[in-house]
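Enquirer: The structure is given below, and queries will be raised subsequently.
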Amino acid sequence: MKKSNIKNRIRGAYFTSVVSISLVLLLLGIVGLLMLNAKQMSEYVKENLCFSLIINDDVSEPDIKQFQKSLDTHEFIKSTEYITKDDAAKQLQEELGENFIETLGYNPLSPTINVYLNSDYASPDSIAKLEGFFLSKSNIVNEVSYQQNLVNLIHDNIKKVSIILLALSALFFLISFALLNNTIRLQIYSKRFIINTMKLVGAKKGFIRRPFIASGALQGLVSSIIAIALLYGIIYFANSQLENIMGSIDPWIIALLFVAVAGIGVLLCVFATLLSINKYLRLKTINLYY
């Protein structure tokens, strides 16, 4: 066989291996991206749950605003919104499509302060404690209004989604490693006679491993770069088609995901190479043909 044909076959095998590993790493990157986006979405949902503090009618507006400022100082509160009686009446009139004040002859609504919590405090247990805290200000707050069933439903669903995503991540990781390991094992298998020849001439195991590990690390790095480029393309496409759906994720988190993909790519390739090379280092010459 001509040398040029041998070189072409080696290059073809290397290219196929790099593409295969890149696709495996892309799969892991997509799973990581889904987990990050799910976390951002759960935080967004939790932080947009509204709790209305119904204020006593006899409390003056300056006292209400002072109370609102005191609420904003607490770490569990993300933001507050003060709605006067008149503003509440306007909103209700728009929803009903009629002027109920003219019918009743007075405005029955109370001033309210809408409270939005930080996501860490939006669990049912924390909300129950915070409800007691708000009601302890009985000289100002008359009632705390929120949809308890909705809070419990959101909490339970987020929990279920998190468990499912973790299970899928573990499954995809195992599948990815199995695919990557098979790809590298086939590559090492094609060089088993070279490994055996090096053993026969007295080369030490560390000396034999070194070039294969270096090649595996380089292969992992090249595959990682390709996977990161494809992952960036997916993020760009998703943002352009789905109104910046990934925009809520911190760019530094995305960068860390890219670094993680590169690190995992190099480490898995090195680990899979070590497993395969050690197998053929222990193998007897007679078994190389089976």
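Residue names in the structure tokens use chain letters A, B, ... in the order shown, residue numbers from 1 in each chain, and ligand numbers from 1 in the order shown.
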Can you tell me which residues surround region 227-235 of chain A at a distance of at most 8 Å, considering only C-alpha atoms, apart from same-chain residues fewer than 2 positions away, and format the answer as a ChimeraX atom specification?
Expert: /A:22-23,25-26,29-30,223-225,237-239,246,258,261-262
Enquirer: As a PyMOL selection string, list the residues of region 73-247 of chain A assigned to strand (DSSP E or B) by DSSP on the backbone atoms of this structure.
Expert: chain A and resi 77-83+112-117+141-145
Enquirer: Skip Gly206 (chain A) itself and residues of its chain fewer than 3 positions away, then list as number ranges by chain all residues within 12 Å of it, counting only C-alpha atoms.
Expert: A: 195, 198-199, 202-203, 209-213, 274, 277-278, 281
Enquirer: Can you check which residues of region 31-239 of chain A DSSP gives as alpha helix (DSSP H) on the backbone and send them as a ChimeraX atom specification?
Expert: /A:31-47,61-72,85-96,100-104,124-135,148-189,192-200,205-239
Enquirer: Output C-alpha atoms for every residue in that selection, as a compact mmCIF listing (two decimals), in the first residue's frame.
Expert:
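Result saved to out36.txt:
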# COMPACT_ATOMS: atom_id res chain seq x y z
CA VAL A 31 -27.62 19.62 28.44
CA GLY A 32 -25.62 22.14 30.49
CA LEU A 33 -27.28 24.98 28.60
CA LEU A 34 -30.74 23.54 29.30
CA MET A 35 -29.92 23.28 33.01
CA LEU A 36 -28.68 26.88 33.12
CA ASN A 37 -31.73 28.14 31.27
CA ALA A 38 -34.07 26.12 33.49
CA LYS A 39 -32.45 27.68 36.57
CA GLN A 40 -32.83 31.18 35.11
CA MET A 41 -36.44 30.49 34.16
CA SER A 42 -37.29 29.17 37.64
CA GLU A 43 -35.73 32.26 39.22
CA TYR A 44 -37.65 34.50 36.81
CA VAL A 45 -40.96 32.80 37.67
CA LYS A 46 -40.30 32.94 41.42
CA GLU A 47 -39.25 36.60 41.36
CA GLU A 61 -49.64 58.28 52.29
CA PRO A 62 -46.34 59.51 53.82
CA ASP A 63 -46.50 56.63 56.34
CA ILE A 64 -47.20 54.15 53.54
CA LYS A 65 -44.20 55.40 51.53
CA GLN A 66 -42.03 55.24 54.63
CA PHE A 67 -43.16 51.66 55.21
CA GLN A 68 -42.38 50.85 51.55
CA LYS A 69 -38.84 52.24 51.98
CA SER A 70 -38.34 50.08 55.08
CA LEU A 71 -39.47 47.00 53.12
CA ASP A 72 -36.94 47.72 50.35
CA LYS A 85 -56.57 53.87 45.83
CA ASP A 86 -57.06 55.94 42.66
CA ASP A 87 -54.55 53.85 40.66
CA ALA A 88 -56.22 50.64 41.86
CA ALA A 89 -59.62 52.02 40.80
CA LYS A 90 -58.31 52.92 37.32
CA GLN A 91 -56.86 49.43 36.83
CA LEU A 92 -60.10 47.78 37.92
CA GLN A 93 -62.18 50.06 35.67
CA GLU A 94 -60.02 49.07 32.69
CA GLU A 95 -60.50 45.38 33.49
CA LEU A 96 -64.26 45.69 34.06
CA PHE A 100 -67.95 51.17 39.20
CA ILE A 101 -67.25 54.26 41.38
CA GLU A 102 -70.16 56.13 39.80
CA THR A 103 -72.40 53.11 40.49
CA LEU A 104 -71.30 52.72 44.13
CA PRO A 124 -43.88 27.89 50.40
CA ASP A 125 -42.20 27.59 53.84
CA SER A 126 -40.42 30.94 53.52
CA ILE A 127 -43.56 32.64 52.20
CA ALA A 128 -45.59 31.38 55.18
CA LYS A 129 -43.03 32.94 57.57
CA LEU A 130 -42.94 36.18 55.58
CA GLU A 131 -46.74 36.35 55.61
CA GLY A 132 -46.57 36.33 59.40
CA PHE A 133 -43.90 39.03 59.27
CA PHE A 134 -46.05 41.30 57.09
CA LEU A 135 -49.15 40.75 59.23
CA GLN A 148 -51.12 30.11 47.67
CA ASN A 149 -52.12 27.24 45.37
CA LEU A 150 -50.14 28.79 42.51
CA VAL A 151 -47.06 29.18 44.72
CA ASN A 152 -47.25 25.50 45.77
CA LEU A 153 -47.83 24.38 42.17
CA ILE A 154 -44.85 26.37 40.85
CA HIS A 155 -42.61 25.08 43.66
CA ASP A 156 -43.58 21.44 43.02
CA ASN A 157 -43.20 21.71 39.25
CA ILE A 158 -39.78 23.38 39.49
CA LYS A 159 -38.68 20.59 41.84
CA LYS A 160 -39.88 17.90 39.39
CA VAL A 161 -38.22 19.62 36.41
CA SER A 162 -34.92 19.93 38.34
CA ILE A 163 -34.94 16.21 39.22
CA ILE A 164 -35.75 15.23 35.62
CA LEU A 165 -32.98 17.47 34.25
CA LEU A 166 -30.44 16.06 36.73
CA ALA A 167 -31.41 12.50 35.79
CA LEU A 168 -31.17 13.33 32.07
CA SER A 169 -27.81 15.01 32.61
CA ALA A 170 -26.43 11.93 34.37
CA LEU A 171 -27.82 9.67 31.63
CA PHE A 172 -26.44 11.83 28.81
CA PHE A 173 -23.07 12.02 30.56
CA LEU A 174 -22.88 8.21 30.75
CA ILE A 175 -23.98 7.84 27.13
CA SER A 176 -21.51 10.52 26.04
CA PHE A 177 -18.64 8.85 27.88
CA ALA A 178 -19.57 5.45 26.43
CA LEU A 179 -19.58 6.88 22.88
CA LEU A 180 -16.35 8.79 23.45
CA ASN A 181 -14.69 5.75 25.04
CA ASN A 182 -15.68 3.53 22.11
CA THR A 183 -14.33 6.06 19.60
CA ILE A 184 -10.95 6.29 21.33
CA ARG A 185 -10.80 2.55 21.99
CA LEU A 186 -11.20 1.86 18.26
CA GLN A 187 -8.47 4.39 17.55
CA ILE A 188 -6.09 2.73 20.06
CA TYR A 189 -7.09 -0.72 18.77
CA ARG A 192 -2.20 -2.21 19.16
CA PHE A 193 0.65 -3.76 17.15
CA ILE A 194 2.71 -0.56 17.47
CA ILE A 195 2.16 -0.67 21.25
CA ASN A 196 3.21 -4.34 21.34
CA THR A 197 6.33 -3.62 19.28
CA MET A 198 7.34 -0.86 21.70
CA LYS A 199 6.86 -3.31 24.60
CA LEU A 200 9.02 -5.92 22.88
CA LYS A 205 4.88 1.79 30.10
CA GLY A 206 5.12 5.50 30.93
CA PHE A 207 7.11 6.13 27.76
CA ILE A 208 4.50 4.26 25.67
CA ARG A 209 1.58 6.07 27.31
CA ARG A 210 3.02 9.58 26.92
CA PRO A 211 2.46 10.18 23.16
CA PHE A 212 -1.00 8.59 23.28
CA ILE A 213 -2.06 10.76 26.24
CA ALA A 214 -0.69 13.88 24.51
CA SER A 215 -2.56 12.92 21.34
CA GLY A 216 -5.75 12.28 23.35
CA ALA A 217 -5.48 15.66 25.11
CA LEU A 218 -4.92 17.43 21.78
CA GLN A 219 -7.84 15.56 20.24
CA GLY A 220 -10.03 16.54 23.19
CA LEU A 221 -8.99 20.18 22.87
CA VAL A 222 -9.66 20.32 19.10
CA SER A 223 -13.01 18.57 19.57
CA SER A 224 -13.90 20.98 22.40
CA ILE A 225 -13.20 24.02 20.22
CA ILE A 226 -15.47 22.62 17.49
CA ALA A 227 -18.20 21.78 20.06
CA ILE A 228 -17.97 25.27 21.62
CA ALA A 229 -18.25 26.90 18.19
CA LEU A 230 -21.37 24.83 17.41
CA LEU A 231 -22.82 25.58 20.87
CA TYR A 232 -22.24 29.31 20.36
CA GLY A 233 -24.04 29.03 17.01
CA ILE A 234 -27.01 27.34 18.74
CA ILE A 235 -27.15 30.11 21.37
CA TYR A 236 -26.98 32.81 18.69
CA PHE A 237 -29.72 31.12 16.63
CA ALA A 238 -31.94 30.62 19.70
CA ASN A 239 -31.57 34.28 20.69
